[in-house]
file query_18.txt (compact mmCIF, C-alpha atoms)
# COMPACT_ATOMS: atom_id res chain seq x y z
CA MET A 1 -1.44 0.72 -42.52
CA ASN A 2 -3.89 -1.05 -40.31
CA ASN A 3 -5.67 -4.27 -41.08
CA PRO A 4 -8.86 -4.00 -38.98
CA ALA A 5 -9.27 -7.75 -38.56
CA ARG A 6 -5.73 -8.18 -37.27
CA SER A 7 -6.13 -5.34 -34.77
CA ILE A 8 -9.11 -7.04 -33.28
CA ASP A 9 -7.15 -10.27 -33.03
CA LEU A 10 -4.30 -8.53 -31.23
CA THR A 11 -6.72 -6.90 -28.81
CA ASP A 12 -8.05 -10.35 -27.94
CA ILE A 13 -4.54 -11.74 -27.54
CA ASP A 14 -3.58 -8.75 -25.40
CA THR A 15 -6.51 -9.40 -23.10
CA GLU A 16 -5.42 -13.01 -22.74
CA LEU A 17 -1.70 -12.33 -22.37
CA SER A 18 -2.33 -9.57 -19.83
CA GLN A 19 -3.36 -12.26 -17.39
CA GLN A 20 -0.07 -14.09 -17.82
CA SER A 21 3.37 -13.69 -16.32
CA PRO A 22 6.19 -11.91 -18.20
CA GLN A 23 7.87 -15.29 -18.68
CA GLU A 24 4.75 -16.72 -20.31
CA ILE A 25 4.41 -13.65 -22.51
CA ILE A 26 8.03 -13.97 -23.61
CA ARG A 27 7.53 -17.67 -24.31
CA TYR A 28 4.50 -16.81 -26.45
CA ALA A 29 6.51 -14.15 -28.30
CA LEU A 30 9.43 -16.48 -28.99
CA GLU A 31 7.21 -19.36 -30.05
CA ASN A 32 5.34 -17.17 -32.50
CA HIS A 33 8.24 -15.19 -33.92
CA HIS A 34 11.59 -16.51 -35.03
CA ASN A 35 13.05 -13.17 -36.10
CA ILE A 36 12.51 -11.31 -32.85
CA ALA A 37 14.86 -9.15 -30.78
CA ILE A 38 14.98 -7.64 -27.31
CA SER A 39 15.64 -3.93 -27.02
CA PHE A 40 17.95 -3.62 -24.01
CA SER A 41 18.51 -0.17 -22.53
CA GLY A 42 21.21 -1.17 -20.08
CA ALA A 43 18.92 -0.79 -17.08
CA GLU A 44 16.53 -3.06 -15.20
CA ASP A 45 15.10 -4.36 -18.47
CA VAL A 46 17.94 -6.88 -18.14
CA VAL A 47 15.25 -9.14 -16.66
CA LEU A 48 13.92 -9.62 -20.19
CA ILE A 49 17.25 -11.09 -21.24
CA ASP A 50 17.35 -13.34 -18.21
CA MET A 51 13.85 -14.65 -18.89
CA ALA A 52 14.30 -15.04 -22.64
CA HIS A 53 17.72 -16.64 -22.32
CA LYS A 54 16.19 -19.46 -20.30
CA ILE A 55 13.86 -20.18 -23.22
CA ARG A 56 16.07 -19.38 -26.18
CA PRO A 57 19.78 -19.11 -25.25
CA ASP A 58 20.70 -17.42 -28.52
CA ILE A 59 18.09 -14.69 -28.21
CA GLN A 60 18.78 -11.60 -30.36
CA VAL A 61 19.45 -8.49 -28.30
CA PHE A 62 20.26 -4.96 -29.37
CA SER A 63 21.14 -1.80 -27.45
CA LEU A 64 20.91 1.75 -28.71
CA ASP A 65 24.25 3.43 -28.11
CA THR A 66 23.44 7.11 -28.32
CA GLY A 67 27.05 8.03 -27.67
CA ARG A 68 25.99 9.78 -24.47
CA LEU A 69 25.43 6.85 -22.11
CA HIS A 70 27.11 6.61 -18.72
CA ALA A 71 30.40 4.70 -18.61
CA GLU A 72 28.67 2.44 -16.07
CA THR A 73 26.03 1.55 -18.64
CA TYR A 74 28.63 0.62 -21.24
CA ARG A 75 30.33 -1.58 -18.64
CA PHE A 76 27.02 -3.15 -17.76
CA ILE A 77 26.18 -3.98 -21.37
CA GLU A 78 29.51 -5.73 -21.60
CA GLN A 79 28.86 -7.53 -18.31
CA VAL A 80 25.51 -8.79 -19.59
CA ARG A 81 27.07 -9.93 -22.84
CA ASN A 82 29.61 -12.01 -20.92
CA HIS A 83 27.23 -13.22 -18.22
CA TYR A 84 24.77 -14.73 -20.68
CA GLY A 85 27.23 -15.52 -23.45
CA ILE A 86 25.10 -13.67 -25.97
CA ASN A 87 25.81 -11.23 -28.73
CA ILE A 88 24.44 -7.74 -28.11
CA ASP A 89 24.09 -5.73 -31.26
CA VAL A 90 25.17 -2.22 -30.28
CA VAL A 91 23.39 0.13 -32.62
CA MET A 92 24.78 3.62 -33.21
CA PRO A 93 23.40 6.78 -34.76
CA GLU A 94 24.41 8.00 -38.17
CA ALA A 95 27.62 9.97 -37.64
CA ALA A 96 26.80 12.64 -40.23
CA ARG A 97 23.49 13.47 -38.56
CA VAL A 98 25.04 13.71 -35.10
CA GLU A 99 27.84 15.87 -36.48
CA LYS A 100 25.37 18.21 -38.14
CA LEU A 101 23.39 18.59 -34.91
CA VAL A 102 26.52 19.29 -32.89
CA VAL A 103 27.95 21.76 -35.41
CA GLU A 104 24.69 23.66 -35.62
CA LYS A 105 23.54 23.54 -32.02
CA GLY A 106 26.36 22.32 -29.83
CA LEU A 107 26.57 19.34 -27.52
CA PHE A 108 23.81 20.31 -25.10
CA SER A 109 21.07 21.77 -27.29
CA PHE A 110 18.47 19.65 -25.47
CA TYR A 111 18.75 21.91 -22.43
CA GLU A 112 17.77 24.89 -24.60
CA ASP A 113 15.17 23.33 -26.90
CA ASP A 114 13.93 20.01 -25.69
CA HIS A 115 15.23 16.47 -25.89
CA LYS A 116 13.27 15.43 -28.94
CA GLU A 117 15.62 16.49 -31.70
CA CYS A 118 18.60 14.84 -30.05
CA CYS A 119 16.63 11.70 -29.17
CA GLY A 120 15.31 11.55 -32.72
CA ILE A 121 18.81 11.52 -34.19
CA ARG A 122 20.64 9.48 -31.56
CA LYS A 123 17.93 7.01 -30.57
CA ILE A 124 14.80 6.86 -32.69
CA ALA A 125 16.43 6.91 -36.13
CA PRO A 126 18.79 4.02 -35.26
CA LEU A 127 15.92 2.17 -33.58
CA ARG A 128 13.85 2.52 -36.70
CA LYS A 129 16.66 1.21 -38.88
CA GLN A 130 17.19 -1.73 -36.55
CA LEU A 131 13.51 -2.63 -36.43
CA LEU A 132 13.39 -2.89 -40.22
CA THR A 133 15.41 -6.09 -39.78
CA VAL A 134 13.01 -7.95 -37.46
CA ASP A 135 9.42 -9.18 -37.41
CA ALA A 136 8.86 -8.53 -33.72
CA TRP A 137 10.56 -6.85 -30.80
CA ILE A 138 10.43 -6.98 -27.04
CA THR A 139 10.74 -3.96 -24.76
CA GLY A 140 10.87 -3.40 -21.01
CA GLN A 141 8.15 -0.74 -21.06
CA ARG A 142 5.97 -0.73 -17.96
CA LYS A 143 2.83 1.16 -17.12
CA ASP A 144 4.26 2.39 -13.83
CA GLN A 145 7.24 4.07 -15.51
CA SER A 146 5.24 7.12 -16.49
CA PRO A 147 1.61 7.65 -15.58
CA GLY A 148 1.42 10.23 -18.35
CA THR A 149 2.86 8.40 -21.32
CA ARG A 150 2.82 4.73 -20.42
CA ALA A 151 -0.41 4.19 -18.54
CA ALA A 152 -1.92 2.37 -21.49
CA VAL A 153 1.03 0.24 -22.57
CA PRO A 154 -0.41 -3.06 -23.83
CA VAL A 155 1.33 -6.42 -23.56
CA ILE A 156 1.22 -6.91 -27.32
CA GLN A 157 0.66 -4.34 -30.03
CA ASP A 158 0.72 -3.84 -33.73
CA ASP A 159 3.65 -1.46 -34.16
CA LYS A 160 2.58 0.70 -37.06
CA ALA A 161 5.22 3.37 -36.52
CA PHE A 162 8.21 1.12 -37.19
CA ALA A 163 6.80 -1.57 -39.45
CA ARG A 164 8.33 -2.12 -42.86
CA PRO A 165 6.13 -0.74 -45.67
CA ASP A 166 3.23 -3.12 -46.31
CA ASP A 167 4.44 -5.43 -43.56
CA LYS A 168 3.73 -6.11 -39.92
CA LEU A 169 5.83 -5.57 -36.83
CA THR A 170 4.68 -6.89 -33.50
CA LYS A 171 5.80 -5.27 -30.27
CA PHE A 172 5.75 -7.10 -26.96
CA ASN A 173 5.88 -5.37 -23.59
CA PRO A 174 6.02 -8.36 -21.22
CA LEU A 175 6.64 -6.17 -18.15
CA ALA A 176 3.74 -3.82 -18.90
CA ASN A 177 1.78 -4.87 -15.83
CA TRP A 178 4.69 -5.38 -13.49
CA THR A 179 5.74 -2.76 -10.98
CA SER A 180 9.28 -1.62 -10.38
CA GLU A 181 9.16 -3.58 -7.13
CA GLN A 182 8.29 -6.81 -8.94
CA VAL A 183 11.14 -6.26 -11.38
CA TRP A 184 13.59 -5.78 -8.52
CA ASP A 185 12.25 -8.80 -6.66
CA TYR A 186 12.98 -10.83 -9.78
CA ILE A 187 16.48 -9.37 -10.14
CA ARG A 188 17.36 -10.20 -6.53
CA SER A 189 15.81 -13.64 -6.37
CA ASN A 190 17.39 -14.72 -9.64
CA ASN A 191 20.81 -13.12 -9.08
CA VAL A 192 20.45 -11.09 -12.24
CA PRO A 193 23.29 -8.60 -12.81
CA PHE A 194 22.26 -4.95 -12.68
CA ASN A 195 23.65 -1.56 -13.60
CA GLU A 196 25.67 -0.13 -10.70
CA LEU A 197 23.96 3.24 -11.21
CA HIS A 198 20.87 1.79 -9.55
CA ASP A 199 22.83 1.56 -6.31
CA ARG A 200 23.50 5.30 -6.59
CA GLY A 201 19.89 6.39 -6.74
CA PHE A 202 19.20 6.15 -10.46
CA LYS A 203 15.79 4.57 -10.94
CA SER A 204 15.54 5.29 -14.65
CA ILE A 205 18.69 5.23 -16.75
CA GLY A 206 19.11 6.96 -20.08
CA CYS A 207 21.75 9.27 -21.49
CA GLU A 208 24.15 10.79 -18.96
CA PRO A 209 23.23 14.47 -19.49
CA CYS A 210 19.51 13.70 -19.30
CA THR A 211 19.41 11.37 -16.31
CA ARG A 212 19.79 12.09 -12.61
CA PRO A 213 19.24 10.17 -9.40
CA THR A 214 15.90 10.54 -7.67
CA GLY A 215 15.19 10.71 -3.98
CA PRO A 216 12.75 8.82 -1.79
CA GLY A 217 9.17 9.44 -2.85
CA GLN A 218 10.15 10.82 -6.24
CA HIS A 219 8.78 9.13 -9.31
CA GLU A 220 11.40 7.71 -11.67
CA ARG A 221 10.10 10.02 -14.39
CA GLU A 222 11.51 12.90 -12.35
CA GLY A 223 14.97 11.60 -13.05
CA ARG A 224 14.66 12.25 -16.79
CA TRP A 225 14.44 15.58 -18.67
CA TRP A 226 13.61 17.32 -15.41
CA TRP A 227 14.10 20.77 -16.93
CA GLU A 228 11.22 20.33 -19.33
CA GLU A 229 7.65 21.15 -18.54
CA ALA A 230 5.26 18.28 -18.81
CA THR A 231 3.70 18.71 -22.21
CA LYS A 232 0.25 17.47 -22.83
CA LYS A 233 0.22 15.14 -25.77
CA GLU A 234 -3.12 13.74 -26.54
CA CYS A 235 -3.83 11.92 -29.75
CA GLY A 236 -5.97 9.15 -28.33
CA LEU A 237 -9.68 8.83 -28.91
CA HIS A 238 -11.61 8.60 -25.68
CA ALA A 239 -15.35 8.30 -25.70
CA VAL A 240 -16.97 10.11 -22.82
CA ASN A 241 -19.96 8.58 -21.09
CA ILE A 242 -22.76 11.01 -21.43
CA SER A 243 -26.27 10.41 -20.14
CA LYS A 244 -28.72 11.23 -22.86
CA MET B 1 -10.82 5.40 -54.54
CA LYS B 2 -12.46 7.20 -51.64
CA ILE B 3 -10.35 8.86 -48.94
CA THR B 4 -11.81 9.85 -45.60
CA MET B 5 -9.94 11.83 -42.98
CA VAL B 6 -11.16 11.62 -39.41
CA LYS B 7 -10.20 14.43 -37.08
CA LYS B 8 -11.02 14.77 -33.42
CA ILE B 9 -12.48 17.32 -31.11
CA PHE B 10 -12.11 16.86 -27.37
CA ALA B 11 -15.05 16.36 -25.06
CA ASP B 12 -14.75 20.01 -23.99
CA GLY B 13 -15.04 21.16 -27.59
CA ALA B 14 -11.38 21.98 -28.07
CA PRO B 15 -9.84 20.91 -31.37
CA CYS B 16 -7.14 18.23 -31.47
CA LYS B 17 -3.78 19.93 -31.94
CA LYS B 18 -2.25 17.18 -34.01
CA CYS B 19 -5.30 17.04 -36.28
CA ALA B 20 -4.99 20.77 -36.89
CA GLU B 21 -1.27 20.42 -37.60
CA VAL B 22 -1.85 17.61 -40.08
CA GLU B 23 -4.65 19.51 -41.75
CA ALA B 24 -2.45 22.61 -42.08
CA LYS B 25 0.37 20.53 -43.49
CA MET B 26 -1.96 18.96 -46.02
CA HIS B 27 -3.35 22.36 -46.96
CA GLU B 28 0.13 23.71 -47.54
CA ALA B 29 1.04 20.70 -49.67
CA GLY B 30 -2.18 20.92 -51.65
CA GLN B 31 -3.23 17.51 -50.37
CA LEU B 32 -6.58 18.46 -48.89
CA GLU B 33 -8.16 18.38 -52.33
CA ARG B 34 -7.28 14.72 -52.55
CA LEU B 35 -9.60 13.92 -49.66
CA ASP B 36 -13.18 12.98 -50.41
CA GLN B 37 -14.45 13.83 -46.97
CA VAL B 38 -13.30 15.03 -43.57
CA ILE B 39 -15.43 13.88 -40.68
CA VAL B 40 -15.28 14.61 -36.98
CA ALA B 41 -14.79 12.24 -34.08
CA ASP B 42 -16.41 14.10 -31.21
CA GLU B 43 -15.28 12.59 -27.93
CA ALA B 44 -18.42 13.94 -26.29
CA ASP B 45 -20.60 12.11 -28.80
CA PRO B 46 -19.87 8.42 -29.26
CA GLN B 47 -22.42 8.40 -32.07
CA SER B 48 -20.58 11.03 -34.12
CA ASP B 49 -19.50 9.77 -37.53
CA GLY B 50 -15.82 9.82 -36.65
CA MET B 51 -16.26 7.97 -33.36
CA LEU B 52 -18.34 5.32 -35.09
CA LEU B 53 -15.69 4.90 -37.78
CA ALA B 54 -12.97 4.66 -35.13
CA ALA B 55 -14.94 1.97 -33.31
CA LYS B 56 -15.59 0.11 -36.56
CA TYR B 57 -11.91 -0.10 -37.42
CA GLY B 58 -10.55 -0.38 -33.88
CA VAL B 59 -8.64 2.89 -34.15
CA ASP B 60 -7.67 4.62 -30.93
CA ARG B 61 -5.92 7.75 -32.17
CA ALA B 62 -6.52 10.72 -34.39
CA PRO B 63 -6.26 11.86 -37.01
CA PHE B 64 -6.62 8.78 -39.15
CA PHE B 65 -7.39 8.05 -42.77
CA VAL B 66 -9.60 5.42 -44.36
CA VAL B 67 -8.89 4.53 -47.97
CA GLU B 68 -11.54 2.56 -49.82
CA ARG B 69 -10.93 1.02 -53.21
CA ALA B 70 -13.43 -0.96 -55.23
CA GLY B 71 -13.17 -4.67 -54.61
CA GLN B 72 -10.59 -4.31 -51.87
CA PRO B 73 -10.82 -4.19 -48.09
CA PRO B 74 -10.45 -0.67 -46.70
CA GLU B 75 -7.03 0.43 -45.53
CA VAL B 76 -6.71 2.45 -42.36
CA PHE B 77 -3.73 4.71 -41.74
CA THR B 78 -2.96 6.20 -38.36
CA VAL B 79 0.48 7.44 -39.34
CA TYR B 80 0.30 10.53 -41.55
CA PHE B 81 3.62 10.10 -43.36
CA GLN B 82 2.79 6.52 -44.25
CA PHE B 83 -0.54 7.65 -45.66
CA VAL B 84 0.84 10.44 -47.83
CA LYS B 85 3.70 8.30 -49.09
CA LYS B 86 1.61 5.30 -50.00
CA VAL B 87 -1.67 6.82 -51.06
CA LEU B 88 -0.78 10.31 -52.26
CA ASN B 89 2.69 9.39 -53.54
CA ALA B 90 4.13 12.34 -51.65
CA THR B 91 7.65 12.58 -50.30
CA THR B 92 8.52 13.22 -46.66
CA THR B 93 11.86 13.85 -45.00
CA GLU B 94 13.30 11.57 -42.33
CA ASP B 95 13.21 14.45 -39.86
CA GLU B 96 9.48 14.90 -40.44
CA GLU B 97 8.87 11.20 -40.04
CA LEU B 98 10.90 10.96 -36.83
CA GLU B 99 9.11 13.97 -35.41
CA GLU B 100 5.74 12.36 -36.08
CA ILE B 101 6.84 9.05 -34.58
CA MET B 102 8.05 10.77 -31.41
CA ASN B 103 4.99 12.97 -31.05
CA ASP B 104 2.65 10.03 -31.53
CA ASN B 105 4.58 7.67 -29.29
CA PRO B 106 5.69 9.53 -26.17
CA ASP B 107 6.21 6.15 -24.50
CA LEU B 108 9.37 5.81 -26.64
CA ASP B 109 11.08 8.24 -24.29
CA PHE B 110 12.21 5.42 -22.07
CA ILE B 111 13.40 3.03 -24.76
call {"tool": "encode", "arguments": {"input": "query_18.txt", "output": "structure tokens"}}
result
Amino acid sequence: MNNPARSIDLTDIDTELSQQSPQEIIRYALENHHNIAISFSGAEDVVLIDMAHKIRPDIQVFSLDTGRLHAETYRFIEQVRNHYGINIDVVMPEAARVEKLVVEKGLFSFYEDDHKECCGIRKIAPLRKQLLTVDAWITGQRKDQSPGTRAAVPVIQDDKAFARPDDKLTKFNPLANWTSEQVWDYIRSNNVPFNELHDRGFKSIGCEPCTRPTGPGQHEREGRWWWEEATKKECGLHAVNISK
Amino acid sequence: MKITMVKKIFADGAPCKKCAEVEAKMHEAGQLERLDQVIVADEADPQSDGMLLAAKYGVDRAPFFVVERAGQPPEVFTVYFQFVKKVLNATTTEDEELEEIMNDNPDLDFI
């Protein structure tokens, strides 16, 4: 459900926050939401934890453990937990649903169909369940991660997909306007720990079967689901300027 | 109660795939009769009824539904399963809901 007045407010706030640094956006998020959590993928979005930890040391963090992550990513999640002295809620998919998928389609069905069914069961369903427990969440989504699907990522948005019935869920994307280079500058200058896979050419890190290193000049999107054709998904409403 | 569905056509005249899928699903479930009107948001015509309604409610995706009840502010739904569950009291499966979430939010790929 969408409350028109609130949407307009968020658009205004987004315009204002878009001019601010990720740290200022995170501060705003934490000051305005007590029950808020960071979604940590085990990759360079670790900068969110570093920034938030400096503001609120007991920041809530969760990671989606699909069961198919690299061993390096599991080690990194543990390293982050120890480095910051925080609890990371490792969220897992429903065993019965994974078992059903594997029994019916095997362990690598995503190479034959596409990755959506597997992602839905292993990632989106647990994410949805987790988000029912919070009022707001913070992600590491950036516009430069995928020109096709993330070009319009706002800094703050009304998350209608995952909100509890008749309730609101606010989603913050503090890194939306940062580039990969800015993220890595921050990691280096602040001695932030990072996933060792990055040193082996992985720009984007997801599940092990669906992630590969990319070479110079390749976009990080090319390291994920490379066997699938780019599918045009277009549900947005775009007015076209027409001279009349 | 008055229910309006807004569906989109692209600037080149092509129909919106998701709108067609939702419409077909509603037809199959006998839900189309519950709608009072279906209007078009024509991306080539910012003055089309659907585009004006989208601008009025700050909606940036299609299809969407506007539910008006006497004495209450209008409710706008951009998520189909939420609309049919709350307004039409229909049931949906988790698989259907996850599929809609993923199709509508391709940015979730990198979460």
call {"tool": "interface_residues", "arguments": {"input": "query_18.txt", "of": "chain B", "to": "chain A", "cutoff": "6 Å", "atoms": "only C-alpha atoms", "output": "JSON, numbers by chain"}}
result
{"B": [43, 44, 46, 57, 60, 61, 62, 76, 77, 106, 107]}
call {"tool": "residues_around", "arguments": {"input": "query_18.txt", "residues": "Gly50 of chain B", "least_positions_apart": "5", "cutoff": "12 Å", "atoms": "only C-alpha atoms", "output": "ChimeraX atom specification"}}
result
/A:237-239 /B:4-9,37-45,55-66
call {"tool": "atom_distance", "arguments": {"input": "query_18.txt", "atom1": "atom CA of Ala163 of chain A", "atom2": "atom CA of His34 of chain A"}}
result
16.3 Å
call {"tool": "atom_distance", "arguments": {"input": "query_18.txt", "atom1": "atom CA of Val22 of chain B", "atom2": "atom CA of Arg69 of chain B"}}
result
23.0 Å
call {"tool": "decode", "arguments": {"input": "query_18.txt", "residues": "segment 20-32 of chain A", "atoms": "C-alpha atoms", "output": "mmCIF file, in the first residue's frame"}}
result
data_model
loop_
_atom_site.group_PDB
_atom_site.id
_atom_site.type_symbol
_atom_site.label_atom_id
_atom_site.label_comp_id
_atom_site.auth_asym_id
_atom_site.auth_seq_id
_atom_site.Cartn_x
_atom_site.Cartn_y
_atom_site.Cartn_z
ATOM 1 C CA GLN A 20 25.153 14.007 1.624
ATOM 2 C CA SER A 21 27.908 11.522 2.329
ATOM 3 C CA PRO A 22 27.166 7.857 3.102
ATOM 4 C CA GLN A 23 28.175 8.513 6.712
ATOM 5 C CA GLU A 24 25.657 11.342 7.004
ATOM 6 C CA ILE A 25 22.970 9.197 5.410
ATOM 7 C CA ILE A 26 23.680 6.376 7.854
ATOM 8 C CA ARG A 27 23.591 8.818 10.757
ATOM 9 C CA TYR A 28 20.205 10.067 9.551
ATOM 10 C CA ALA A 29 18.955 6.482 9.245
ATOM 11 C CA LEU A 30 20.113 5.513 12.724
ATOM 12 C CA GLU A 31 18.785 8.677 14.325
ATOM 13 C CA ASN A 32 15.374 8.170 12.782
#
